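Visitor: Pasting upload13.cif here (mmCIF, C-alpha atoms):
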data_query
#
loop_
_atom_site.group_PDB
_atom_site.id
_atom_site.type_symbol
_atom_site.label_atom_id
_atom_site.label_comp_id
_atom_site.auth_asym_id
_atom_site.auth_seq_id
_atom_site.Cartn_x
_atom_site.Cartn_y
_atom_site.Cartn_z
ATOM 1 C CA MET S 213 37.061 -17.936 90.945
ATOM 2 C CA SER S 214 38.071 -16.111 87.835
ATOM 3 C CA ALA S 215 37.029 -12.547 87.241
ATOM 4 C CA VAL S 216 38.175 -9.633 85.168
ATOM 5 C CA ARG S 217 39.826 -6.659 86.811
ATOM 6 C CA THR S 218 39.265 -3.243 85.336
ATOM 7 C CA GLN S 219 42.420 -1.205 84.960
ATOM 8 C CA TRP S 220 41.636 2.499 84.681
ATOM 9 C CA ALA S 221 43.859 4.657 82.522
ATOM 10 C CA SER S 222 44.630 8.194 83.596
ATOM 11 C CA PRO S 223 41.774 10.542 82.579
ATOM 12 C CA GLY S 224 44.353 13.068 81.410
ATOM 13 C CA CYS S 225 45.377 10.694 78.624
ATOM 14 C CA LEU S 226 41.852 10.507 77.280
ATOM 15 C CA HIS S 227 40.674 14.087 77.049
ATOM 16 C CA SER S 228 40.771 15.771 73.656
ATOM 17 C CA PRO S 229 38.606 18.406 71.920
ATOM 18 C CA ARG S 230 36.432 15.699 70.311
ATOM 19 C CA PHE S 231 36.244 13.254 73.250
ATOM 20 C CA SER S 232 34.334 13.420 76.490
ATOM 21 C CA THR S 233 36.533 12.859 79.527
ATOM 22 C CA ARG S 234 36.037 9.265 80.558
ATOM 23 C CA SER S 235 37.931 6.231 81.741
ATOM 24 C CA VAL S 236 39.100 3.536 79.349
ATOM 25 C CA LYS S 237 38.466 -0.046 80.395
ATOM 26 C CA ILE S 238 41.285 -2.536 79.883
ATOM 27 C CA ALA S 239 40.472 -6.162 80.609
ATOM 28 C CA VAL S 240 43.147 -8.051 82.584
ATOM 29 C CA CYS S 241 42.830 -11.713 83.576
ATOM 30 C CA VAL S 242 43.363 -12.205 87.322
ATOM 31 C CA LYS S 243 42.035 -14.385 90.156
ATOM 32 C CA PHE S 244 39.655 -12.768 92.681
ATOM 33 C CA PRO S 245 38.031 -14.299 95.776
ATOM 34 C CA ALA S 246 34.281 -14.679 95.484
ATOM 35 C CA THR S 247 33.648 -11.933 98.023
ATOM 36 C CA ILE S 248 35.642 -9.387 96.030
ATOM 37 C CA LYS S 249 33.932 -10.359 92.790
ATOM 38 C CA THR S 250 30.565 -9.835 94.488
ATOM 39 C CA LEU S 251 31.578 -6.325 95.471
ATOM 40 C CA LEU S 252 32.830 -5.567 91.988
ATOM 41 C CA LEU S 253 29.573 -6.742 90.454
ATOM 42 C CA LYS S 254 27.747 -4.033 92.388
ATOM 43 C CA GLN S 255 29.652 -1.288 90.631
ATOM 44 C CA SER S 256 28.815 0.450 87.357
ATOM 45 C CA PHE S 257 27.111 -1.182 84.350
ATOM 46 C CA ALA S 258 30.289 -0.733 82.345
ATOM 47 C CA LEU S 259 32.228 -2.775 84.886
ATOM 48 C CA THR S 260 29.522 -5.432 84.923
ATOM 49 C CA ARG S 261 29.863 -5.802 81.149
ATOM 50 C CA LEU S 262 33.568 -6.461 81.594
ATOM 51 C CA LEU S 263 32.973 -9.076 84.281
ATOM 52 C CA ASN S 264 30.546 -11.004 82.106
ATOM 53 C CA PRO S 265 31.245 -10.220 78.459
ATOM 54 C CA PRO S 266 29.608 -12.814 76.160
ATOM 55 C CA HIS S 267 32.011 -14.088 73.501
ATOM 56 C CA SER S 268 34.543 -11.336 74.249
ATOM 57 C CA LEU S 269 38.094 -11.956 75.338
ATOM 58 C CA SER S 270 39.681 -11.139 78.658
ATOM 59 C CA MET S 271 43.083 -9.798 77.754
ATOM 60 C CA SER S 272 45.611 -7.197 78.735
ATOM 61 C CA PHE S 273 46.603 -4.413 76.363
ATOM 62 C CA SER S 274 49.561 -2.089 76.577
ATOM 63 C CA SER S 275 48.956 1.486 77.645
ATOM 64 C CA SER S 276 49.618 4.315 75.216
ATOM 65 C CA SER S 277 52.145 7.091 75.737
ATOM 66 C CA CYS S 278 50.113 9.490 73.550
ATOM 67 C CA MET S 279 49.173 12.872 74.926
ATOM 68 C CA ASP S 280 45.875 14.747 74.541
ATOM 69 C CA GLY S 281 44.696 15.127 70.959
ATOM 70 C CA SER S 282 47.617 13.217 69.454
ATOM 71 C CA TYR S 283 45.805 9.961 68.762
ATOM 72 C CA ALA S 284 42.751 8.845 66.829
ATOM 73 C CA GLU S 285 40.179 6.612 68.486
ATOM 74 C CA ILE S 286 38.943 4.197 65.826
ATOM 75 C CA VAL S 287 35.922 2.040 66.559
ATOM 76 C CA VAL S 288 36.218 -0.965 64.248
ATOM 77 C CA VAL S 289 32.954 -2.870 63.752
ATOM 78 C CA ARG S 290 32.353 -6.101 61.881
ATOM 79 C CA HIS S 291 29.363 -6.047 59.516
ATOM 80 C CA GLY S 292 26.021 -7.615 60.439
ATOM 81 C CA GLU S 293 25.074 -11.167 59.579
ATOM 82 C CA THR S 294 24.320 -12.341 56.044
ATOM 83 C CA GLU S 295 22.494 -15.455 54.870
ATOM 84 C CA TRP S 296 25.839 -16.823 53.787
ATOM 85 C CA ASN S 297 27.197 -16.307 57.311
ATOM 86 C CA ALA S 298 24.214 -18.211 58.634
ATOM 87 C CA ASP S 299 24.721 -21.007 56.064
ATOM 88 C CA GLY S 300 28.476 -21.282 56.616
ATOM 89 C CA ARG S 301 29.225 -20.194 53.061
ATOM 90 C CA ILE S 302 32.504 -18.458 52.167
ATOM 91 C CA GLN S 303 32.032 -14.866 50.984
ATOM 92 C CA GLY S 304 35.385 -13.151 50.445
ATOM 93 C CA HIS S 305 34.943 -10.453 47.793
ATOM 94 C CA LEU S 306 31.475 -11.645 46.759
ATOM 95 C CA ASP S 307 28.883 -8.966 47.488
ATOM 96 C CA VAL S 308 26.334 -10.548 49.805
ATOM 97 C CA GLU S 309 23.655 -8.452 51.523
ATOM 98 C CA LEU S 310 22.628 -8.458 55.180
ATOM 99 C CA ASN S 311 19.827 -10.770 56.237
ATOM 100 C CA GLU S 312 17.097 -9.658 58.674
ATOM 101 C CA ALA S 313 19.181 -10.634 61.691
ATOM 102 C CA GLY S 314 22.091 -8.632 60.288
ATOM 103 C CA LYS S 315 19.915 -5.561 59.833
ATOM 104 C CA GLN S 316 18.766 -5.817 63.438
ATOM 105 C CA GLN S 317 22.363 -6.206 64.616
ATOM 106 C CA ALA S 318 23.315 -3.091 62.644
ATOM 107 C CA ALA S 319 20.454 -1.138 64.241
ATOM 108 C CA LEU S 320 21.516 -2.244 67.724
ATOM 109 C CA VAL S 321 25.179 -1.301 67.311
ATOM 110 C CA ALA S 322 24.134 2.012 65.727
ATOM 111 C CA ASP S 323 21.927 2.813 68.701
ATOM 112 C CA ARG S 324 24.761 1.980 71.055
ATOM 113 C CA LEU S 325 27.322 4.143 69.265
ATOM 114 C CA SER S 326 24.882 7.070 69.053
ATOM 115 C CA LYS S 327 24.867 7.196 72.872
ATOM 116 C CA GLU S 328 28.655 7.205 73.174
ATOM 117 C CA PRO S 329 31.117 10.078 72.514
ATOM 118 C CA LYS S 330 30.697 11.949 69.242
ATOM 119 C CA ILE S 331 31.598 10.210 65.986
ATOM 120 C CA SER S 332 33.400 12.482 63.524
ATOM 121 C CA ALA S 333 33.387 10.190 60.475
ATOM 122 C CA VAL S 334 32.275 6.744 59.313
ATOM 123 C CA TYR S 335 34.387 4.631 56.938
ATOM 124 C CA SER S 336 33.457 1.321 55.361
ATOM 125 C CA SER S 337 34.378 -1.441 52.985
ATOM 126 C CA ASP S 338 32.490 -0.977 49.728
ATOM 127 C CA LEU S 339 30.871 -4.431 49.980
ATOM 128 C CA LYS S 340 27.145 -4.219 50.760
ATOM 129 C CA ARG S 341 27.196 -6.144 54.025
ATOM 130 C CA ALA S 342 29.644 -3.648 55.499
ATOM 131 C CA LEU S 343 28.295 -0.570 53.713
ATOM 132 C CA VAL S 344 24.694 -1.054 54.868
ATOM 133 C CA THR S 345 25.930 -1.611 58.427
ATOM 134 C CA ALA S 346 27.967 1.591 58.162
ATOM 135 C CA GLU S 347 25.071 3.558 56.681
ATOM 136 C CA THR S 348 22.850 2.455 59.570
ATOM 137 C CA ILE S 349 25.459 3.689 62.058
ATOM 138 C CA ALA S 350 26.042 6.948 60.183
ATOM 139 C CA ALA S 351 22.331 7.768 60.033
ATOM 140 C CA LYS S 352 21.984 7.261 63.792
ATOM 141 C CA CYS S 353 25.138 9.242 64.594
ATOM 142 C CA GLY S 354 24.188 12.600 63.126
ATOM 143 C CA GLY S 355 23.485 11.716 59.512
ATOM 144 C CA LEU S 356 27.127 11.409 58.501
ATOM 145 C CA GLU S 357 28.126 10.413 54.968
ATOM 146 C CA VAL S 358 29.871 7.047 54.732
ATOM 147 C CA ILE S 359 33.328 7.111 53.135
ATOM 148 C CA THR S 360 34.056 3.847 51.302
ATOM 149 C CA ASP S 361 37.500 2.330 50.886
ATOM 150 C CA PRO S 362 38.037 -0.910 48.897
ATOM 151 C CA ASP S 363 41.161 -1.546 50.992
ATOM 152 C CA LEU S 364 38.800 -2.407 53.862
ATOM 153 C CA ARG S 365 37.289 -5.325 51.880
ATOM 154 C CA GLU S 366 37.453 -8.886 53.111
ATOM 155 C CA ARG S 367 40.264 -11.104 51.849
ATOM 156 C CA ASN S 368 39.795 -12.338 48.290
ATOM 157 C CA LEU S 369 39.487 -16.097 48.717
ATOM 158 C CA GLY S 370 39.620 -17.080 45.056
ATOM 159 C CA GLU S 371 38.112 -20.455 44.175
ATOM 160 C CA LEU S 372 36.719 -20.880 47.686
ATOM 161 C CA GLN S 373 34.260 -18.017 47.343
ATOM 162 C CA GLY S 374 30.674 -19.245 47.200
ATOM 163 C CA LEU S 375 31.486 -22.689 48.632
ATOM 164 C CA VAL S 376 30.070 -24.015 51.898
ATOM 165 C CA PHE S 377 33.096 -24.154 54.178
ATOM 166 C CA ARG S 378 32.607 -27.767 55.270
ATOM 167 C CA GLU S 379 32.620 -28.873 51.601
ATOM 168 C CA ALA S 380 35.567 -26.732 50.470
ATOM 169 C CA ALA S 381 38.279 -29.364 51.057
ATOM 170 C CA LYS S 382 36.458 -31.816 48.779
ATOM 171 C CA LEU S 383 35.388 -29.390 46.051
ATOM 172 C CA SER S 384 38.578 -27.318 45.836
ATOM 173 C CA PRO S 385 41.397 -29.143 47.662
ATOM 174 C CA LYS S 386 44.297 -26.995 46.403
ATOM 175 C CA ALA S 387 42.569 -23.746 47.309
ATOM 176 C CA HIS S 388 41.537 -25.172 50.674
ATOM 177 C CA LYS S 389 45.096 -26.253 51.431
ATOM 178 C CA ALA S 390 46.403 -22.802 50.463
ATOM 179 C CA PHE S 391 43.760 -21.208 52.684
ATOM 180 C CA LEU S 392 44.862 -23.248 55.696
ATOM 181 C CA SER S 393 48.515 -22.406 55.142
ATOM 182 C CA HIS S 394 50.174 -20.120 57.696
ATOM 183 C CA ARG S 395 52.570 -18.733 55.079
ATOM 184 C CA THR S 396 51.947 -15.022 54.641
ATOM 185 C CA ASP S 397 52.954 -15.170 50.950
ATOM 186 C CA GLN S 398 50.609 -18.026 50.031
ATOM 187 C CA ASP S 399 48.079 -16.902 47.404
ATOM 188 C CA ILE S 400 44.810 -18.799 46.962
ATOM 189 C CA PRO S 401 44.129 -20.267 43.498
ATOM 190 C CA GLY S 402 41.547 -18.404 41.479
ATOM 191 C CA GLY S 403 42.864 -14.903 42.124
ATOM 192 C CA GLY S 404 42.805 -15.093 45.894
ATOM 193 C CA GLU S 405 45.020 -12.980 48.145
ATOM 194 C CA SER S 406 47.830 -13.954 50.467
ATOM 195 C CA LEU S 407 47.607 -13.085 54.160
ATOM 196 C CA GLY S 408 50.501 -10.699 53.643
ATOM 197 C CA HIS S 409 48.708 -8.734 50.952
ATOM 198 C CA LEU S 410 45.549 -8.518 53.058
ATOM 199 C CA PHE S 411 47.574 -7.315 56.039
ATOM 200 C CA GLN S 412 49.371 -4.638 54.022
ATOM 201 C CA ARG S 413 46.297 -3.123 52.380
ATOM 202 C CA CYS S 414 43.993 -3.037 55.413
ATOM 203 C CA THR S 415 46.563 -1.832 57.958
ATOM 204 C CA SER S 416 47.651 0.890 55.505
ATOM 205 C CA SER S 417 44.030 1.967 55.205
ATOM 206 C CA LEU S 418 43.544 2.218 58.971
ATOM 207 C CA GLN S 419 46.831 4.086 59.319
ATOM 208 C CA ARG S 420 45.672 6.666 56.752
ATOM 209 C CA ILE S 421 42.430 7.091 58.657
ATOM 210 C CA GLY S 422 44.288 7.464 61.940
ATOM 211 C CA ASN S 423 46.646 10.081 60.511
ATOM 212 C CA LYS S 424 43.695 12.099 59.192
ATOM 213 C CA HIS S 425 41.604 12.016 62.370
ATOM 214 C CA LYS S 426 43.943 12.717 65.284
ATOM 215 C CA GLY S 427 41.968 13.960 68.257
ATOM 216 C CA GLU S 428 38.755 12.485 66.851
ATOM 217 C CA ARG S 429 36.613 9.391 67.217
ATOM 218 C CA VAL S 430 35.689 7.584 64.004
ATOM 219 C CA VAL S 431 33.968 4.349 63.034
ATOM 220 C CA VAL S 432 35.306 1.815 60.525
ATOM 221 C CA VAL S 433 33.053 -1.042 59.373
ATOM 222 C CA SER S 434 34.820 -4.012 57.854
ATOM 223 C CA HIS S 435 35.117 -7.819 57.843
ATOM 224 C CA GLY S 436 36.380 -10.660 60.014
ATOM 225 C CA GLY S 437 39.623 -11.288 58.132
ATOM 226 C CA VAL S 438 40.449 -7.594 58.034
ATOM 227 C CA ILE S 439 39.779 -7.112 61.738
ATOM 228 C CA ARG S 440 42.015 -10.050 62.630
ATOM 229 C CA SER S 441 44.799 -8.444 60.563
ATOM 230 C CA LEU S 442 44.314 -5.147 62.413
ATOM 231 C CA TYR S 443 44.548 -7.028 65.688
ATOM 232 C CA LYS S 444 47.810 -8.622 64.538
ATOM 233 C CA ARG S 445 49.201 -5.162 63.697
ATOM 234 C CA ALA S 446 48.394 -3.889 67.188
ATOM 235 C CA CYS S 447 49.428 -7.085 69.018
ATOM 236 C CA PRO S 448 52.102 -8.730 66.860
ATOM 237 C CA ASN S 449 53.317 -10.955 69.689
ATOM 238 C CA GLY S 450 49.970 -11.488 71.393
ATOM 239 C CA LYS S 451 47.726 -14.522 71.449
ATOM 240 C CA SER S 452 44.990 -14.897 68.862
ATOM 241 C CA GLY S 453 42.179 -12.378 69.001
ATOM 242 C CA GLY S 454 39.713 -15.240 68.701
ATOM 243 C CA LYS S 455 36.383 -15.164 66.908
ATOM 244 C CA VAL S 456 35.148 -11.799 65.606
ATOM 245 C CA LEU S 457 31.358 -11.774 65.935
ATOM 246 C CA ASN S 458 28.978 -9.842 63.708
ATOM 247 C CA THR S 459 28.789 -6.153 64.810
ATOM 248 C CA SER S 460 31.381 -6.683 67.538
ATOM 249 C CA VAL S 461 33.004 -3.416 68.659
ATOM 250 C CA ASN S 462 36.810 -3.228 68.731
ATOM 251 C CA ILE S 463 38.459 0.051 69.749
ATOM 252 C CA PHE S 464 41.935 1.028 68.546
ATOM 253 C CA HIS S 465 43.984 4.077 69.478
ATOM 254 C CA LEU S 466 46.421 5.151 66.745
ATOM 255 C CA CYS S 467 49.169 7.571 67.652
ATOM 256 C CA ASP S 468 51.374 7.944 64.574
ATOM 257 C CA GLU S 469 52.813 4.436 64.116
ATOM 258 C CA GLU S 470 51.835 3.250 67.601
ATOM 259 C CA TRP S 471 48.676 1.125 67.737
ATOM 260 C CA THR S 472 46.920 0.199 70.990
ATOM 261 C CA ILE S 473 43.767 -1.856 71.498
ATOM 262 C CA LYS S 474 41.528 -0.431 74.208
ATOM 263 C CA SER S 475 38.541 -2.780 73.832
ATOM 264 C CA TRP S 476 38.083 -6.031 71.952
ATOM 265 C CA GLY S 477 35.141 -8.189 70.935
ATOM 266 C CA ASP S 478 32.424 -6.211 72.725
ATOM 267 C CA VAL S 479 28.932 -7.393 71.767
ATOM 268 C CA SER S 480 27.135 -6.146 74.880
ATOM 269 C CA HIS S 481 24.651 -4.322 72.634
ATOM 270 C CA LEU S 482 23.402 -7.739 71.492
ATOM 271 C CA GLN S 483 22.707 -9.060 74.986
ATOM 272 C CA GLN S 484 19.165 -10.217 75.666
ATOM 273 C CA THR S 485 18.324 -10.236 71.950
ATOM 274 C CA GLY S 486 17.928 -13.041 69.459
ATOM 275 C CA TYR S 487 20.814 -11.810 67.336
ATOM 276 C CA LEU S 488 23.902 -12.841 69.289
ATOM 277 C CA GLU S 489 24.556 -16.399 68.163
ATOM 278 C CA SER S 490 26.104 -15.632 64.804
ATOM 279 C CA GLY S 491 29.597 -15.107 63.611
ATOM 280 C CA PHE S 492 30.573 -17.531 60.891
ATOM 281 C CA GLY S 493 33.570 -16.040 59.165
ATOM 282 C CA GLY S 494 34.801 -14.373 62.316
ATOM 283 C CA ASP S 495 37.500 -16.991 62.806
ATOM 284 C CA LYS S 496 39.634 -18.454 59.998
ATOM 285 C CA THR S 497 36.840 -18.476 57.463
ATOM 286 C CA SER S 498 35.355 -15.708 55.357
ATOM 287 C CA GLY S 499 33.726 -12.653 56.950
#
Once you've parsed the file, please lay out its structure as structure tokens.
Guide:
Amino acid sequence: MSAVRTQWASPGCLHSPRFSTRSVKIAVCVKFPATIKTLLLKQSFALTRLLNPPHSLSMSFSSSSCMDGSYAEIVVVRHGETEWNADGRIQGHLDVELNEAGKQQAALVADRLSKEPKISAVYSSDLKRALVTAETIAAKCGGLEVITDPDLRERNLGELQGLVFREAAKLSPKAHKAFLSHRTDQDIPGGGESLGHLFQRCTSSLQRIGNKHKGERVVVVSHGGVIRSLYKRACPNGKSGGKVLNTSVNIFHLCDEEWTIKSWGDVSHLQQTGYLESGFGGDKTSG
């Protein structure tokens, strides 16, 4: 029977002036006998979430060599759902607002983060779907002002923007082919970006934030394509990060140029609600 083991990092690595002393959970795929899994399930709620995380990945992440106060903990959140997400329509740089489900998702993740260690700052893409999500979080976490950064925008998808994904190959075949290309220098017709350009701008943005907020915990609200690029920066030789669901929580530790992922794809705040089954754009489409 498969289960997920919790590997506890040394508490001494996690204490800083802005953090509460706590253990970091790192998911590692292993095989456990049924009797051991039963015992594990009786432990803390946090461990239970790891054993049964809906839509989140079980993966191992490298430990950080950073000492107290020398790293920034950055909680990267994907925006809430939009009508275009629900319809399977490609968004890119188009400014689409949250739908009612997205607003509820934003409220749920905000409530969750307000109960966790103190947030020092909230950053966001300047597109409405991310900004409103960020503003909801900021209001719940002490009334912080949201700092916008256009470098946190979704990938510009050129001619594909506004098309229903399943119709894109027929309506714009050249752009669709460019979109499916794995070449990092492949631009998309109609002013769209290459994967390489997206990677450079969004990882540079997160690095700036990390450099500014060492010893602090901050939130960054962005988009599916951006978050996948951040994952690639932290795990360049790792397997795919998989689908990035709306308002999923992904925690990065940045220590100078060293990036470590401490938690990935956590949507436990959406459990037992009607707002979990969304996420179009969280894979290789537009977020």
Visitor: Which residues, named as in the file, does the PyMOL selection byres ((chain S and resi 363) around 6) pick out? Answer as a list in words.
Guide: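 Applying the expression gives Asp361, Pro362, Leu364, Arg365, Arg413 and Cys414 of chain S.
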Visitor: Could you list the residues chosen by the PyMOL selection byres ((chain S and resi 394-410) around 7) in this structure as a list in words?
Guide: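 Evaluating the PyMOL selection byres ((chain S and resi 394-410) around 7) on this file yields Arg367, Asn368, Leu369, Gly370, Glu371, Ala387, Ala390, Phe391, Leu392, Ser393, Phe411, Gln412, Arg413 and Cys414 of chain S.
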Visitor: Using all atoms listed in the file, pick whichever of S:Lys474, S:His291, S:Lys451, S:Lys330 has the shortest atom-to-atom distance to S:Arg429.
Guide: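 When distances to S:Arg429 are compared using all atoms listed in the file, the smallest one comes from S:Lys330.
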Visitor: Of the candidates S:Leu325, S:Leu466, S:Val461, S:Val289, which shows the shortest atom-to-atom distance to S:Leu343, using all atoms listed in the file?
Guide: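 Using all atoms listed in the file, the shortest distance to S:Leu343 belongs to S:Val289.
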Visitor: So which residues get picked by the PyMOL selection byres ((chain S and resi 322) around 12) here, written as a PDB file with C-alpha atoms, in the frame of the given file?
Guide:
ATOM      1  CA  VAL S 287      35.922   2.040  66.559  1.00  0.00           C
ATOM      2  CA  VAL S 289      32.954  -2.870  63.752  1.00  0.00           C
ATOM      3  CA  HIS S 291      29.363  -6.047  59.516  1.00  0.00           C
ATOM      4  CA  GLY S 292      26.021  -7.615  60.439  1.00  0.00           C
ATOM      5  CA  LYS S 315      19.915  -5.561  59.833  1.00  0.00           C
ATOM      6  CA  GLN S 316      18.766  -5.817  63.438  1.00  0.00           C
ATOM      7  CA  GLN S 317      22.363  -6.206  64.616  1.00  0.00           C
ATOM      8  CA  ALA S 318      23.315  -3.091  62.644  1.00  0.00           C
ATOM      9  CA  ALA S 319      20.454  -1.138  64.241  1.00  0.00           C
ATOM     10  CA  LEU S 320      21.516  -2.244  67.724  1.00  0.00           C
ATOM     11  CA  VAL S 321      25.179  -1.301  67.311  1.00  0.00           C
ATOM     12  CA  ASP S 323      21.927   2.813  68.701  1.00  0.00           C
ATOM     13  CA  ARG S 324      24.761   1.980  71.055  1.00  0.00           C
ATOM     14  CA  LEU S 325      27.322   4.143  69.265  1.00  0.00           C
ATOM     15  CA  SER S 326      24.882   7.070  69.053  1.00  0.00           C
ATOM     16  CA  LYS S 327      24.867   7.196  72.872  1.00  0.00           C
ATOM     17  CA  GLU S 328      28.655   7.205  73.174  1.00  0.00           C
ATOM     18  CA  ILE S 331      31.598  10.210  65.986  1.00  0.00           C
ATOM     19  CA  VAL S 334      32.275   6.744  59.313  1.00  0.00           C
ATOM     20  CA  VAL S 344      24.694  -1.054  54.868  1.00  0.00           C
ATOM     21  CA  THR S 345      25.930  -1.611  58.427  1.00  0.00           C
ATOM     22  CA  ALA S 346      27.967   1.591  58.162  1.00  0.00           C
ATOM     23  CA  GLU S 347      25.071   3.558  56.681  1.00  0.00           C
ATOM     24  CA  THR S 348      22.850   2.455  59.570  1.00  0.00           C
ATOM     25  CA  ILE S 349      25.459   3.689  62.058  1.00  0.00           C
ATOM     26  CA  ALA S 350      26.042   6.948  60.183  1.00  0.00           C
ATOM     27  CA  ALA S 351      22.331   7.768  60.033  1.00  0.00           C
ATOM     28  CA  LYS S 352      21.984   7.261  63.792  1.00  0.00           C
ATOM     29  CA  CYS S 353      25.138   9.242  64.594  1.00  0.00           C
ATOM     30  CA  GLY S 354      24.188  12.600  63.126  1.00  0.00           C
ATOM     31  CA  GLY S 355      23.485  11.716  59.512  1.00  0.00           C
ATOM     32  CA  VAL S 431      33.968   4.349  63.034  1.00  0.00           C
ATOM     33  CA  VAL S 433      33.053  -1.042  59.373  1.00  0.00           C
ATOM     34  CA  THR S 459      28.789  -6.153  64.810  1.00  0.00           C
ATOM     35  CA  SER S 460      31.381  -6.683  67.538  1.00  0.00           C
ATOM     36  CA  VAL S 461      33.004  -3.416  68.659  1.00  0.00           C
ATOM     37  CA  HIS S 481      24.651  -4.322  72.634  1.00  0.00           C
ATOM     38  CA  LEU S 482      23.402  -7.739  71.492  1.00  0.00           C
TER      39      LEU S 482
END
Visitor: Choose the residue, out of S:Arg290, S:Val430, S:Lys386, S:His305, that has the smallest atom-to-atom separation from S:Leu356; count all atoms listed in the file.
Guide: S:Val430
Visitor: Quick one, how far is atom CA of S:Ala333 from atom CA of S:Ser480?
Guide: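 Pair atom CA of S:Ala333 / atom CA of S:Ser480 returns 22.7 Å.
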Visitor: Adding 5 Å on each side of the box along x, y and z that holds all listed atoms of stretch 313-330 of chain S, could you give its centre and edge lengths in Å to one decimal, as JSON?
Guide:
{"center_x": 24.9, "center_y": 0.7, "center_z": 66.5, "size_x": 22.4, "size_y": 32.6, "size_z": 23.3}
Visitor: Quote the spacing between atom CA of S:Arg440 and atom CA of S:Ile463 in Å to one decimal place.
Guide: 12.9 Å
Visitor: When you draw a straight line from atom CA of S:Asn462 to atom CA of S:Asn297, how long is it in Å?
Guide: 19.8 Å
Visitor: Residues near S:Lys424, anyone? I mean within 9 Å using all atoms listed in the file, not counting same-chain ones fewer than 4 positions away, as a VMD selection string.
Guide: chain S and resid 284 419 to 420
Visitor: Kindly export the residues of the current selection with C-alpha atoms, as a compact mmCIF listing (two decimals), keeping the file's coordinate frame.
Guide:
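As written to disk, again_38.txt reads:
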# COMPACT_ATOMS: atom_id res chain seq x y z
CA ALA S 284 42.75 8.85 66.83
CA GLN S 419 46.83 4.09 59.32
CA ARG S 420 45.67 6.67 56.75
Visitor: I'd like to know which of S:Leu310, S:Leu457, S:Val358, S:Ala381 is closest to S:Val432, using all atoms listed in the file.
Guide: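 When distances to S:Val432 are compared using all atoms listed in the file, the smallest one comes from S:Val358.
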Visitor: Could you tell me which of S:Thr415, S:Gln483, S:Gln303, S:Asn311 comes closest to S:Phe464 if we count all atoms listed in the file?
Guide: S:Thr415
Visitor: Starting from the block above, write stretch 464-478 of chain S out to a file with N, CA and C atoms, as a PDB file, in the first residue's frame, please.
Guide:
ATOM      1  N   PHE S 464       8.047  28.119  -1.489  1.00  0.00           N
ATOM      2  CA  PHE S 464       9.448  28.147  -1.900  1.00  0.00           C
ATOM      3  C   PHE S 464      10.285  28.787  -0.794  1.00  0.00           C
ATOM      4  N   HIS S 465      11.484  28.271  -0.595  1.00  0.00           N
ATOM      5  CA  HIS S 465      12.477  28.941   0.234  1.00  0.00           C
ATOM      6  C   HIS S 465      13.587  29.438  -0.688  1.00  0.00           C
ATOM      7  N   LEU S 466      13.876  30.730  -0.649  1.00  0.00           N
ATOM      8  CA  LEU S 466      14.932  31.323  -1.456  1.00  0.00           C
ATOM      9  C   LEU S 466      16.041  31.801  -0.542  1.00  0.00           C
ATOM     10  N   CYS S 467      17.207  31.251  -0.752  1.00  0.00           N
ATOM     11  CA  CYS S 467      18.399  31.642  -0.003  1.00  0.00           C
ATOM     12  C   CYS S 467      19.445  32.074  -1.029  1.00  0.00           C
ATOM     13  N   ASP S 468      19.534  33.382  -1.256  1.00  0.00           N
ATOM     14  CA  ASP S 468      20.373  33.904  -2.340  1.00  0.00           C
ATOM     15  C   ASP S 468      19.943  33.242  -3.652  1.00  0.00           C
ATOM     16  N   GLU S 469      20.835  32.517  -4.310  1.00  0.00           N
ATOM     17  CA  GLU S 469      20.489  31.896  -5.588  1.00  0.00           C
ATOM     18  C   GLU S 469      19.968  30.473  -5.425  1.00  0.00           C
ATOM     19  N   GLU S 470      19.893  29.990  -4.207  1.00  0.00           N
ATOM     20  CA  GLU S 470      19.417  28.624  -3.959  1.00  0.00           C
ATOM     21  C   GLU S 470      17.907  28.630  -3.731  1.00  0.00           C
ATOM     22  N   TRP S 471      17.198  27.858  -4.536  1.00  0.00           N
ATOM     23  CA  TRP S 471      15.740  27.741  -4.421  1.00  0.00           C
ATOM     24  C   TRP S 471      15.376  26.328  -3.964  1.00  0.00           C
ATOM     25  N   THR S 472      14.486  26.221  -2.990  1.00  0.00           N
ATOM     26  CA  THR S 472      14.011  24.933  -2.510  1.00  0.00           C
ATOM     27  C   THR S 472      12.498  24.967  -2.398  1.00  0.00           C
ATOM     28  N   ILE S 473      11.843  23.910  -2.853  1.00  0.00           N
ATOM     29  CA  ILE S 473      10.390  23.801  -2.691  1.00  0.00           C
ATOM     30  C   ILE S 473      10.108  23.003  -1.426  1.00  0.00           C
ATOM     31  N   LYS S 474       9.315  23.585  -0.537  1.00  0.00           N
ATOM     32  CA  LYS S 474       8.972  22.923   0.716  1.00  0.00           C
ATOM     33  C   LYS S 474       7.574  22.318   0.695  1.00  0.00           C
ATOM     34  N   SER S 475       6.701  22.808  -0.166  1.00  0.00           N
ATOM     35  CA  SER S 475       5.343  22.274  -0.280  1.00  0.00           C
ATOM     36  C   SER S 475       4.830  22.584  -1.671  1.00  0.00           C
ATOM     37  N   TRP S 476       4.096  21.638  -2.265  1.00  0.00           N
ATOM     38  CA  TRP S 476       3.669  21.834  -3.644  1.00  0.00           C
ATOM     39  C   TRP S 476       2.231  21.363  -3.847  1.00  0.00           C
ATOM     40  N   GLY S 477       1.429  22.203  -4.487  1.00  0.00           N
ATOM     41  CA  GLY S 477       0.102  21.793  -4.917  1.00  0.00           C
ATOM     42  C   GLY S 477      -0.898  21.562  -3.805  1.00  0.00           C
ATOM     43  N   ASP S 478      -0.768  22.266  -2.698  1.00  0.00           N
ATOM     44  CA  ASP S 478      -1.640  22.043  -1.541  1.00  0.00           C
ATOM     45  C   ASP S 478      -2.962  22.787  -1.718  1.00  0.00           C
TER      46      ASP S 478
END
